[in-house]
file model24.cif (mmCIF, C-alpha atoms)
data_input
loop_
_atom_site.label_atom_id
_atom_site.label_comp_id
_atom_site.auth_asym_id
_atom_site.auth_seq_id
_atom_site.Cartn_x
_atom_site.Cartn_y
_atom_site.Cartn_z
CA MET A 1 -15.04 10.26 -7.62
CA SER A 2 -12.88 10.82 -10.65
CA ASP A 3 -10.41 12.74 -8.46
CA SER A 4 -9.88 9.84 -6.12
CA GLU A 5 -9.59 7.48 -9.05
CA ASN A 6 -6.88 9.63 -10.54
CA LYS A 7 -5.14 9.76 -7.22
CA GLN A 8 -5.25 6.00 -6.91
CA ALA A 9 -3.95 5.55 -10.41
CA GLY A 10 -1.10 7.92 -9.56
CA ILE A 11 -0.20 6.01 -6.42
CA SER A 12 -0.24 2.68 -8.18
CA ARG A 13 1.98 4.05 -10.94
CA GLU A 14 4.46 5.10 -8.27
CA MET A 15 4.21 1.68 -6.70
CA VAL A 16 4.88 -0.01 -10.02
CA MET A 17 7.88 2.24 -10.55
CA MET A 18 9.27 1.25 -7.14
CA VAL A 19 8.80 -2.44 -7.83
CA VAL A 20 10.38 -2.15 -11.27
CA ALA A 21 13.36 -0.18 -9.92
CA LEU A 22 14.02 -2.57 -7.05
CA THR A 23 13.57 -5.62 -9.28
CA LEU A 24 16.02 -4.26 -11.82
CA VAL A 25 18.62 -3.30 -9.21
CA THR A 26 18.32 -6.70 -7.56
CA ALA A 27 18.51 -8.52 -10.89
CA ILE A 28 21.67 -6.66 -11.88
CA ALA A 29 23.20 -7.35 -8.48
CA ALA A 30 22.31 -11.04 -8.81
CA ALA A 31 23.87 -11.21 -12.27
CA LEU A 32 27.03 -9.56 -10.95
CA LEU A 33 27.22 -12.02 -8.08
CA GLY A 34 26.61 -15.02 -10.33
CA LEU A 35 29.36 -13.88 -12.67
CA THR A 36 31.81 -13.30 -9.81
CA ASP A 37 31.01 -16.72 -8.36
CA GLN A 38 31.73 -18.33 -11.74
CA VAL A 39 35.06 -16.56 -12.03
CA THR A 40 36.24 -17.07 -8.45
CA ARG A 41 34.98 -20.59 -7.66
CA GLU A 42 38.00 -22.41 -9.08
CA PRO A 43 40.64 -19.99 -7.69
CA ILE A 44 39.04 -20.18 -4.23
CA LEU A 45 39.20 -23.98 -4.24
CA GLU A 46 42.79 -23.79 -5.43
CA ALA A 47 43.69 -21.26 -2.73
CA GLN A 48 42.14 -23.51 -0.09
CA ARG A 49 44.03 -26.51 -1.44
CA ALA A 50 47.28 -24.53 -1.48
CA ALA A 51 46.70 -23.47 2.13
CA LEU A 52 46.04 -27.09 3.15
CA GLN A 53 49.11 -28.25 1.26
CA ARG A 54 51.29 -25.70 3.05
CA SER A 55 49.96 -26.78 6.44
CA LEU A 56 50.40 -30.47 5.57
CA GLY A 57 53.99 -29.75 4.52
CA GLN A 58 54.60 -28.30 7.97
CA VAL A 59 53.25 -31.21 10.00
CA LEU A 60 54.40 -34.18 7.90
CA PRO A 61 57.98 -35.50 7.51
CA ALA A 62 59.60 -35.36 4.06
CA HIS A 63 57.50 -37.47 1.68
CA THR A 64 57.25 -38.20 -2.03
CA ASN A 65 53.49 -38.60 -2.52
CA VAL A 66 50.76 -35.96 -2.44
CA PRO A 67 49.13 -36.39 0.99
CA MET A 68 46.27 -34.10 0.06
CA ASP A 69 45.08 -36.65 -2.51
CA ASP A 70 46.04 -39.70 -0.42
CA VAL A 71 43.16 -39.68 2.02
CA ILE A 72 41.53 -42.32 4.19
CA LYS A 73 38.33 -41.44 5.96
CA LEU A 74 37.35 -42.37 9.48
CA GLY A 75 33.65 -42.31 10.20
CA GLU A 76 30.63 -41.84 7.98
CA GLY A 77 29.38 -39.02 5.78
CA ASP A 78 29.76 -35.42 6.89
CA ALA A 79 31.08 -36.38 10.32
CA SER A 80 34.03 -38.28 8.85
CA THR A 81 37.57 -37.13 9.51
CA PRO A 82 39.98 -37.21 6.58
CA PHE A 83 43.44 -38.62 7.42
CA TYR A 84 46.17 -37.49 5.01
CA VAL A 85 48.86 -40.09 4.39
CA ALA A 86 52.55 -39.33 3.81
CA ARG A 87 54.58 -42.04 2.09
CA ASP A 88 58.14 -42.51 0.90
CA ALA A 89 59.07 -43.56 -2.62
CA ASN A 90 58.33 -47.24 -1.83
CA GLY A 91 54.81 -46.46 -0.66
CA VAL A 92 55.63 -47.10 3.00
CA VAL A 93 53.47 -45.03 5.35
CA LEU A 94 55.63 -42.38 7.06
CA ALA A 95 52.99 -40.45 8.94
CA LEU A 96 49.34 -39.46 9.07
CA ALA A 97 47.95 -35.97 9.44
CA TRP A 98 44.46 -34.90 10.41
CA GLU A 99 42.65 -31.91 11.81
CA VAL A 100 41.30 -31.63 15.34
CA VAL A 101 39.11 -28.83 16.63
CA ALA A 102 39.46 -27.28 20.07
CA PRO A 103 35.95 -25.97 20.76
CA ASP A 104 36.98 -24.31 24.02
CA GLY A 105 39.34 -21.57 22.83
CA TYR A 106 39.09 -18.11 24.38
CA SER A 107 37.05 -16.87 21.41
CA GLY A 108 35.61 -19.63 19.27
CA SER A 109 37.08 -22.83 17.93
CA ILE A 110 40.76 -23.40 17.20
CA ARG A 111 41.55 -25.74 14.31
CA ILE A 112 44.74 -27.72 14.63
CA LEU A 113 46.41 -29.92 12.02
CA MET A 114 48.51 -32.65 13.64
CA GLY A 115 51.03 -34.97 12.00
CA VAL A 116 51.64 -38.27 13.77
CA LEU A 117 54.20 -40.99 13.06
CA PRO A 118 53.05 -44.64 12.95
CA ASP A 119 54.47 -45.21 16.47
CA GLY A 120 51.99 -42.68 17.80
CA SER A 121 54.42 -39.82 18.46
CA LEU A 122 53.79 -36.32 17.15
CA HIS A 123 55.85 -35.07 14.25
CA ALA A 124 54.48 -31.53 14.40
CA VAL A 125 51.29 -29.55 14.91
CA CYS A 126 50.09 -26.48 13.07
CA ILE A 127 47.30 -24.06 13.99
CA THR A 128 45.21 -23.63 10.84
CA ASP A 129 42.46 -21.33 12.12
CA HIS A 130 41.77 -19.38 15.29
CA ARG A 131 40.20 -16.16 16.57
CA GLU A 132 42.29 -15.75 19.72
CA THR A 133 43.22 -12.35 21.15
CA PRO A 134 46.05 -10.72 19.19
CA GLY A 135 49.11 -10.37 21.38
CA LEU A 136 47.91 -12.86 24.00
CA GLY A 137 46.30 -16.10 22.86
CA ASP A 138 47.64 -15.85 19.31
CA GLY A 139 51.03 -16.83 20.72
CA ILE A 140 50.01 -20.34 19.65
CA THR A 141 50.82 -19.26 16.09
CA ARG A 142 53.55 -16.70 16.76
CA ASN A 143 55.56 -18.55 19.41
CA ARG A 144 57.65 -21.03 17.43
CA LYS A 145 59.19 -22.56 20.58
CA TRP A 146 55.81 -23.32 22.06
CA ILE A 147 54.44 -25.06 18.98
CA ASP A 148 57.72 -27.00 18.45
CA PHE A 149 57.46 -28.35 22.00
CA PHE A 150 54.81 -30.78 20.71
CA THR A 151 57.29 -32.52 18.39
CA GLY A 152 58.24 -35.99 19.61
CA LYS A 153 55.58 -36.09 22.33
CA SER A 154 53.31 -39.11 22.51
CA LEU A 155 50.40 -40.30 24.62
CA ALA A 156 52.59 -42.16 27.10
CA GLY A 157 55.35 -40.36 28.98
CA THR A 158 53.88 -36.87 28.64
CA HIS A 159 51.66 -35.06 31.09
CA TRP A 160 49.10 -33.51 28.72
CA ALA A 161 48.25 -30.27 30.50
CA VAL A 162 49.60 -26.74 30.83
CA LYS A 163 52.00 -26.05 33.69
CA LYS A 164 49.33 -24.20 35.64
CA ASP A 165 47.36 -27.45 35.72
CA GLY A 166 50.45 -29.46 36.70
CA GLY A 167 51.40 -30.49 33.16
CA GLU A 168 54.41 -29.98 30.90
CA PHE A 169 53.21 -27.32 28.46
CA ASP A 170 53.86 -23.61 28.98
CA GLN A 171 50.97 -21.23 29.17
CA PHE A 172 51.43 -17.61 28.08
CA THR A 173 51.41 -14.63 30.39
CA GLY A 174 47.82 -13.47 30.43
CA ALA A 175 46.59 -16.37 28.32
CA THR A 176 46.06 -19.81 29.81
CA ILE A 177 42.77 -20.75 28.19
CA THR A 178 44.13 -20.85 24.64
CA PRO A 179 47.14 -23.16 25.25
CA ARG A 180 45.00 -25.30 27.52
CA ALA A 181 42.42 -25.78 24.74
CA VAL A 182 45.11 -26.65 22.19
CA VAL A 183 46.86 -29.13 24.49
CA LYS A 184 43.54 -30.79 25.31
CA ALA A 185 42.56 -31.08 21.64
CA VAL A 186 45.91 -32.55 20.58
CA HIS A 187 45.70 -35.00 23.50
CA ARG A 188 42.22 -36.03 22.34
CA GLY A 189 43.54 -36.44 18.80
CA LEU A 190 46.33 -38.74 19.99
CA GLY A 191 43.76 -40.75 21.96
CA LEU A 192 41.67 -41.16 18.82
CA PHE A 193 44.75 -42.31 16.91
CA ALA A 194 45.71 -44.81 19.62
CA ALA A 195 42.20 -46.31 19.56
CA GLN A 196 42.08 -46.59 15.75
CA ARG A 197 45.80 -47.01 15.07
CA ASP A 198 45.82 -50.56 13.73
CA ALA A 199 42.78 -50.08 11.51
CA LEU A 200 44.09 -46.76 10.17
CA LEU A 201 47.58 -48.03 9.42
CA ALA A 202 46.25 -51.22 7.83
CA ARG A 203 43.97 -49.19 5.56
CA ALA A 204 46.76 -46.72 4.73
CA ALA A 205 49.20 -49.53 3.93
CA GLY A 206 46.66 -51.48 1.88
CA LYS A 207 45.79 -48.54 -0.32
CA MET B 1 26.91 20.67 5.84
CA ALA B 2 29.31 20.72 2.95
CA ASP B 3 27.23 18.03 1.34
CA MET B 4 24.28 20.38 0.97
CA ASN B 5 26.19 22.31 -1.65
CA ALA B 6 27.80 19.20 -3.04
CA SER B 7 26.65 19.89 -6.57
CA LYS B 8 28.44 23.23 -6.54
CA MET B 9 31.77 21.78 -5.39
CA SER B 10 34.75 21.98 -7.68
CA LYS B 11 36.81 18.86 -8.38
CA SER B 12 39.64 19.93 -6.08
CA GLU B 13 37.12 20.72 -3.35
CA ILE B 14 35.65 17.22 -3.69
CA ILE B 15 39.11 15.71 -3.27
CA ALA B 16 40.19 17.90 -0.35
CA ASP B 17 36.84 17.44 1.36
CA GLY B 18 36.72 13.65 0.98
CA PHE B 19 40.33 13.02 1.88
CA TRP B 20 40.85 15.50 4.69
CA HIS B 21 38.23 18.06 5.78
CA ASN B 22 35.41 15.55 5.88
CA ASN B 23 37.61 12.47 6.43
CA THR B 24 35.50 9.47 7.42
CA ILE B 25 37.65 8.78 10.46
CA PHE B 26 39.26 12.09 11.43
CA ALA B 27 36.23 14.34 10.93
CA GLN B 28 33.13 12.14 10.93
CA LEU B 29 34.31 9.31 13.20
CA LEU B 30 32.41 6.78 11.07
CA GLY B 31 33.49 3.23 10.30
CA MET B 32 34.91 2.69 13.77
CA CYS B 33 34.24 -1.06 13.67
CA PRO B 34 36.81 -1.96 10.98
CA LEU B 35 39.05 0.85 12.22
CA LEU B 36 39.44 -0.62 15.69
CA GLY B 37 39.05 -4.26 14.66
CA VAL B 38 41.67 -4.78 11.97
CA THR B 39 44.30 -2.10 12.59
CA THR B 40 46.66 -4.27 14.62
CA SER B 41 49.18 -3.85 11.81
CA ALA B 42 49.84 -1.43 8.96
CA ILE B 43 49.39 -4.06 6.25
CA ASN B 44 45.98 -5.13 7.63
CA GLY B 45 44.92 -1.49 7.64
CA PHE B 46 46.07 -1.08 4.06
CA TRP B 47 44.14 -4.06 2.68
CA MET B 48 41.02 -3.28 4.68
CA GLY B 49 41.21 0.22 3.20
CA ALA B 50 41.79 -1.15 -0.30
CA ALA B 51 38.71 -3.39 -0.02
CA THR B 52 36.68 -0.39 1.15
CA VAL B 53 37.92 1.76 -1.75
CA LEU B 54 36.76 -0.86 -4.26
CA VAL B 55 33.31 -1.16 -2.66
CA LEU B 56 32.96 2.61 -2.42
CA LEU B 57 34.01 3.06 -6.03
CA GLY B 58 31.54 0.44 -7.27
CA SER B 59 28.63 1.70 -5.19
CA ASN B 60 29.23 5.38 -6.02
CA ILE B 61 29.42 4.60 -9.75
CA VAL B 62 26.22 2.53 -9.80
CA VAL B 63 24.29 4.81 -7.45
CA SER B 64 25.25 7.83 -9.56
CA MET B 65 24.12 6.03 -12.71
CA ILE B 66 20.73 4.96 -11.31
CA ARG B 67 20.06 8.17 -9.40
CA GLY B 68 17.39 9.48 -11.77
CA PHE B 69 15.64 6.16 -12.03
CA VAL B 70 15.19 4.84 -8.49
CA PRO B 71 12.19 6.42 -6.70
CA ARG B 72 13.04 8.27 -3.49
CA ASP B 73 11.04 5.97 -1.23
CA VAL B 74 12.99 2.84 -2.14
CA ARG B 75 16.43 4.37 -2.61
CA ILE B 76 17.88 2.99 0.65
CA PRO B 77 17.08 -0.69 -0.09
CA ALA B 78 18.33 -0.17 -3.65
CA TYR B 79 21.62 1.37 -2.45
CA ILE B 80 22.11 -1.32 0.20
CA THR B 81 21.57 -4.02 -2.45
CA VAL B 82 24.21 -2.40 -4.66
CA ILE B 83 26.66 -2.05 -1.74
CA ALA B 84 26.08 -5.62 -0.53
CA ALA B 85 26.66 -6.95 -4.06
CA PHE B 86 30.00 -5.14 -4.34
CA VAL B 87 31.06 -6.25 -0.86
CA THR B 88 30.37 -9.86 -1.82
CA VAL B 89 32.29 -9.45 -5.08
CA VAL B 90 35.30 -7.98 -3.26
CA GLY B 91 35.08 -10.70 -0.59
CA LEU B 92 35.02 -13.50 -3.17
CA ALA B 93 37.89 -11.93 -5.12
CA MET B 94 40.02 -11.61 -1.98
CA ASN B 95 39.18 -15.19 -1.01
CA ALA B 96 40.31 -16.35 -4.44
CA TRP B 97 43.45 -14.29 -5.02
CA MET B 98 44.52 -13.07 -1.58
CA HIS B 99 43.53 -16.04 0.51
CA GLU B 100 45.76 -15.35 3.51
CA MET B 101 44.75 -11.72 3.86
CA TYR B 102 41.13 -12.81 3.49
CA LEU B 103 41.55 -15.18 6.43
CA ILE B 104 43.09 -12.41 8.53
CA LEU B 105 40.45 -9.78 7.75
CA GLY B 106 37.76 -12.46 7.99
CA LEU B 107 34.52 -11.14 9.36
CA PHE B 108 35.40 -7.52 8.71
CA ILE B 109 35.06 -7.91 4.94
CA PRO B 110 31.32 -8.74 4.97
CA LEU B 111 30.91 -6.06 7.64
CA ILE B 112 31.85 -3.41 5.06
CA VAL B 113 28.14 -3.56 4.11
CA VAL B 114 27.20 -1.86 7.35
CA ASN B 115 30.00 0.70 7.21
CA CYS B 116 27.75 3.76 7.32
CA ALA B 117 30.44 5.76 5.55
CA ILE B 118 29.65 3.92 2.30
CA LEU B 119 25.87 4.32 2.45
CA GLY B 120 26.61 7.88 3.55
CA ARG B 121 28.52 8.65 0.33
CA ALA B 122 25.81 6.99 -1.79
CA GLU B 123 23.06 8.99 -0.11
CA ALA B 124 24.86 12.31 0.41
CA PHE B 125 26.94 12.49 -2.74
CA ALA B 126 26.53 9.92 -5.50
CA SER B 127 22.73 10.18 -5.54
CA LYS B 128 23.01 13.91 -6.29
CA ASN B 129 26.08 14.10 -8.52
CA GLY B 130 27.30 12.99 -11.92
CA LEU B 131 29.47 9.98 -12.67
CA VAL B 132 32.88 11.70 -12.79
CA ASP B 133 32.35 13.64 -9.56
CA SER B 134 31.06 10.50 -7.85
CA ILE B 135 34.15 8.54 -8.89
CA LEU B 136 36.38 11.35 -7.61
CA ASP B 137 34.44 11.43 -4.36
CA ALA B 138 34.73 7.65 -3.90
CA LEU B 139 38.49 7.76 -4.49
CA ALA B 140 39.04 10.75 -2.20
CA VAL B 141 36.91 9.37 0.64
CA GLY B 142 38.28 5.85 0.15
CA PHE B 143 41.92 6.91 0.18
CA GLY B 144 41.24 9.15 3.17
CA PHE B 145 39.78 6.14 4.98
CA THR B 146 42.71 3.94 3.92
CA PHE B 147 45.18 6.59 5.06
CA ALA B 148 43.51 6.71 8.49
CA LEU B 149 43.48 2.90 8.81
CA MET B 150 47.13 2.67 7.80
CA LEU B 151 48.16 5.46 10.15
CA LEU B 152 46.46 3.82 13.11
CA GLY B 153 47.72 0.38 12.06
CA SER B 154 51.27 1.75 11.81
CA VAL B 155 51.15 3.36 15.26
CA ARG B 156 49.77 0.18 16.85
CA GLU B 157 52.18 -2.14 15.04
CA ILE B 158 55.25 0.00 15.78
CA PHE B 159 54.49 0.44 19.47
CA GLY B 160 52.88 -2.98 19.92
CA TYR B 161 55.27 -5.28 18.08
CA GLY B 162 58.16 -2.92 17.26
CA THR B 163 57.71 -3.62 13.54
CA TRP B 164 56.36 -1.72 10.54
CA PHE B 165 54.90 -3.72 7.65
CA GLY B 166 56.57 -6.71 9.30
CA TYR B 167 60.07 -5.19 9.39
CA PRO B 168 61.63 -4.54 12.81
CA VAL B 169 62.04 -0.79 13.33
CA LEU B 170 62.58 -0.67 17.09
CA GLY B 171 65.28 -3.32 17.32
CA GLU B 172 65.08 -7.10 17.22
CA ASN B 173 64.48 -7.51 20.93
CA TYR B 174 61.59 -5.11 21.31
CA PRO B 175 59.33 -6.45 24.06
CA ASP B 176 55.75 -6.60 22.79
CA PHE B 177 53.69 -3.75 24.24
CA LEU B 178 50.39 -5.57 24.40
CA MET B 179 48.20 -2.62 25.21
CA PHE B 180 48.62 -1.20 21.71
CA ILE B 181 47.59 -4.49 20.11
CA LEU B 182 44.51 -4.90 22.29
CA PRO B 183 41.38 -2.75 21.75
CA PRO B 184 42.21 -0.14 24.44
CA GLY B 185 45.39 0.68 22.53
CA ALA B 186 43.31 1.35 19.43
CA PHE B 187 41.22 3.94 21.28
CA ILE B 188 44.25 5.57 22.91
CA ALA B 189 46.23 5.72 19.67
CA LEU B 190 43.19 7.07 17.82
CA GLY B 191 42.82 9.76 20.49
CA PHE B 192 46.38 10.95 19.96
CA ILE B 193 45.96 10.85 16.18
CA LEU B 194 42.77 12.93 16.40
CA ALA B 195 44.59 15.42 18.64
CA GLY B 196 47.34 15.66 16.02
CA VAL B 197 44.77 16.17 13.26
CA ASN B 198 43.13 18.96 15.27
CA ILE B 199 46.48 20.69 15.74
CA ILE B 200 47.15 20.53 12.00
CA ASN B 201 43.67 21.86 11.23
CA ARG B 202 44.15 24.72 13.69
CA ARG B 203 47.44 25.71 12.09
CA MET B 204 45.84 25.55 8.65
CA ASN B 205 42.92 27.69 9.81
CA ASN B 206 45.18 30.23 11.46
CA ARG B 207 47.24 30.57 8.33
CA ALA B 208 44.17 30.84 6.14
CA GLU B 209 42.58 33.51 8.27
CA ASN B 210 45.83 35.46 8.39
CA ALA B 211 44.86 36.88 11.74
CA GLU B 212 46.85 39.62 13.45
CA PRO B 213 50.02 37.93 14.62
CA ALA B 214 49.96 39.62 18.01
CA CYS B 215 46.66 38.09 19.11
CA ALA B 216 46.42 34.99 16.99
CA PRO B 217 44.98 32.75 19.74
CA LYS B 218 42.15 35.19 20.47
CA ALA B 219 41.27 35.46 16.84
CA TYR B 220 41.07 31.70 16.66
CA VAL B 221 38.76 31.39 19.69
CA ALA B 222 36.42 33.98 18.21
CA SER B 223 36.27 32.18 14.91
CA GLU B 224 35.62 28.86 16.62
CA LYS B 225 32.57 30.26 18.40
CA ALA B 226 31.19 31.77 15.24
#
call {"tool": "encode", "arguments": {"input": "model24.cif", "output": "structure tokens"}}
result
Amino acid sequence: MSDSENKQAGISREMVMMVVALTLVTAIAAALLGLTDQVTREPILEAQRAALQRSLGQVLPAHTNVPMDDVIKLGEGDASTPFYVARDANGVVLALAWEVVAPDGYSGSIRILMGVLPDGSLHAVCITDHRETPGLGDGITRNRKWIDFFTGKSLAGTHWAVKKDGGEFDQFTGATITPRAVVKAVHRGLGLFAAQRDALLARAAGK
Amino acid sequence: MADMNASKMSKSEIIADGFWHNNTIFAQLLGMCPLLGVTTSAINGFWMGAATVLVLLGSNIVVSMIRGFVPRDVRIPAYITVIAAFVTVVGLAMNAWMHEMYLILGLFIPLIVVNCAILGRAEAFASKNGLVDSILDALAVGFGFTFALMLLGSVREIFGYGTWFGYPVLGENYPDFLMFILPPGAFIALGFILAGVNIINRRMNNRAENAEPACAPKAYVASEKA
């Protein structure tokens, strides 16, 4: 009787020790994480803003305002798309930039920032995020000529497809799916702009 | 093996063992996921290795400090918690101050948690050794891992893109050799590197044994069987 009681007391002491040890380790880890989050939160936001600013600089013509802070939103709530506005010194709208997502990349979504002039022609596009195969599909970021081919294109007068599908855009050797997804997404983006053009430009000008 | 007598190892043995004889990649073939995933270039290999060194250092230090306090039965969850915390810290820091490299390494940073090499060092070394030895072990193993990642990244970048750390070394017009950039190239390059490592080890063994010069190969075969 007393033996088994002792044994049980021993086991429960071990159990308590385990709980205490794990609780302490977890608490210290949590404190460390909280501290790191505090320290890194601002720099992370800044780094993301800097990355966006670099991309915006690539797709917008020379401007004097800060497009990142000159935003009009299309749509409601979380589903809204921010349009970044580039203006000259007189406040005249030079171009709009916004992000489109190609959900049908070879591996996951491809995010594309596109800059469009008020007449609906592309100023430039920039791939901001992708997981395409290195050496094949990632030509969309490494092949300058391919990405520059978008400049000046607009909805009318361009066949929006890769050459394999009878269009104007090159595919890469061994990678058709990636360029096809990008071309389709940019085409969709231009369609969205054409449908909302007057409203968007009016709101941008009136701001 | 060597870890059984870990407590009796001298400092130089810890370093030689962690960096070379028991190298995570060359000898143990652990951590293959980041090895094959991120080594498309030398610089990627370097930063992946650097992130791993920091995690390894943090986890070895903490595990060594709590080794007398955490009961045996719950040591694995405790170690994993410590490792996961350091991985998150390193991930957040890279996101904040090395944003572009963070985007490139992406998923492989959080995956450091499941790099069995790190839990392996916590369990096999830091949980049985003092603070200084554990720090030495983390640095030796970590730099050995980084060296392996950089070596493989260099081979793949040079043959794949004709560049090294972004600088052209095989001429401006080098045609990309895709196979080295794609996963099969990682396996093939790793195979050749392992072969090279084995040759070096053989030479080192032969020299150490100081076998009769006339029948050196035979002496080696005998020692390999024993």
call {"tool": "resolve_selection", "arguments": {"input": "model24.cif", "expression": "the PyMOL selection byres ((chain A) within 7 of (chain B))", "output": "compact mmCIF listing (two decimals) with C-alpha atoms, keeping the file's coordinate frame"}}
result
# COMPACT_ATOMS: atom_id res chain seq x y z
CA MET A 18 9.27 1.25 -7.14
CA ALA A 21 13.36 -0.18 -9.92
CA LEU A 22 14.02 -2.57 -7.05
CA VAL A 25 18.62 -3.30 -9.21
CA THR A 26 18.32 -6.70 -7.56
CA ALA A 29 23.20 -7.35 -8.48
CA LEU A 33 27.22 -12.02 -8.08
CA THR A 36 31.81 -13.30 -9.81
CA THR A 40 36.24 -17.07 -8.45
CA PRO A 43 40.64 -19.99 -7.69
CA ILE A 44 39.04 -20.18 -4.23
CA ALA A 47 43.69 -21.26 -2.73
CA PRO A 134 46.05 -10.72 19.19
CA GLY A 135 49.11 -10.37 21.38
call {"tool": "resolve_selection", "arguments": {"input": "model24.cif", "expression": "the PyMOL selection byres ((chain A and resi 73) around 9)", "output": "PyMOL selection string"}}
result
chain A and resi 71-72+74-76+80-84+200
call {"tool": "write_last_selection", "arguments": {"input": "model24.cif", "atoms": "C-alpha atoms", "output": "tab-separated table (two decimals), in the frame of the given file"}}
result
chain	number	residue	atom	x	y	z
A	71	VAL	CA	43.16	-39.68	2.02
A	72	ILE	CA	41.53	-42.32	4.19
A	74	LEU	CA	37.35	-42.37	9.48
A	75	GLY	CA	33.65	-42.31	10.20
A	76	GLU	CA	30.63	-41.84	7.98
A	80	SER	CA	34.03	-38.28	8.85
A	81	THR	CA	37.57	-37.13	9.51
A	82	PRO	CA	39.98	-37.21	6.58
A	83	PHE	CA	43.44	-38.62	7.42
A	84	TYR	CA	46.17	-37.49	5.01
A	200	LEU	CA	44.09	-46.76	10.17
call {"tool": "atom_distance", "arguments": {"input": "model24.cif", "atom1": "atom CA of Leu32 of chain A", "atom2": "atom CA of Ile109 of chain B"}}
result
17.9 Å
call {"tool": "residues_around", "arguments": {"input": "model24.cif", "residues": "segment 165-173 of chain A", "least_positions_apart": "6", "cutoff": "12 Å", "atoms": "all atoms listed in the file", "output": "list of chain:residue names"}}
result
A:Thr133, A:Gly135, A:Leu136, A:Gly137, A:Asp138, A:Gly139, A:Ile140, A:Arg142, A:Asn143, A:Lys145, A:Trp146, A:Ile147, A:Asp148, A:Phe149, A:Phe150, A:Lys153, A:Gly157, A:Thr158, A:His159, A:Pro179, A:Arg180, A:Ala181, A:Val182, A:Val183, A:Lys184, A:Val186, A:His187, B:Asp176, B:Leu178
call {"tool": "write_last_selection", "arguments": {"input": "model24.cif", "atoms": "C-alpha atoms", "output": "tab-separated table (two decimals), keeping the file's coordinate frame"}}
result
chain	number	residue	atom	x	y	z
A	133	THR	CA	43.22	-12.35	21.15
A	135	GLY	CA	49.11	-10.37	21.38
A	136	LEU	CA	47.91	-12.86	24.00
A	137	GLY	CA	46.30	-16.10	22.86
A	138	ASP	CA	47.64	-15.85	19.31
A	139	GLY	CA	51.03	-16.83	20.72
A	140	ILE	CA	50.01	-20.34	19.65
A	142	ARG	CA	53.55	-16.70	16.76
A	143	ASN	CA	55.56	-18.55	19.41
A	145	LYS	CA	59.19	-22.56	20.58
A	146	TRP	CA	55.81	-23.32	22.06
A	147	ILE	CA	54.44	-25.06	18.98
A	148	ASP	CA	57.72	-27.00	18.45
A	149	PHE	CA	57.46	-28.35	22.00
A	150	PHE	CA	54.81	-30.78	20.71
A	153	LYS	CA	55.58	-36.09	22.33
A	157	GLY	CA	55.35	-40.36	28.98
A	158	THR	CA	53.88	-36.87	28.64
A	159	HIS	CA	51.66	-35.06	31.09
A	179	PRO	CA	47.14	-23.16	25.25
A	180	ARG	CA	45.00	-25.30	27.52
A	181	ALA	CA	42.42	-25.78	24.74
A	182	VAL	CA	45.11	-26.65	22.19
A	183	VAL	CA	46.86	-29.13	24.49
A	184	LYS	CA	43.54	-30.79	25.31
A	186	VAL	CA	45.91	-32.55	20.58
A	187	HIS	CA	45.70	-35.00	23.50
B	176	ASP	CA	55.75	-6.60	22.79
B	178	LEU	CA	50.39	-5.57	24.40
call {"tool": "closest_residue", "arguments": {"input": "model24.cif", "among": "B:Met65, B:Cys33, B:Ala117, B:Val38", "to": "Asp133 of chain B", "atoms": "only C-alpha atoms"}}
result
B:Met65
call {"tool": "closest_residue", "arguments": {"input": "model24.cif", "among": "B:Ile158, B:Ile14, B:Ile25, B:Leu170", "to": "Ala126 of chain B", "atoms": "only C-alpha atoms"}}
result
B:Ile14
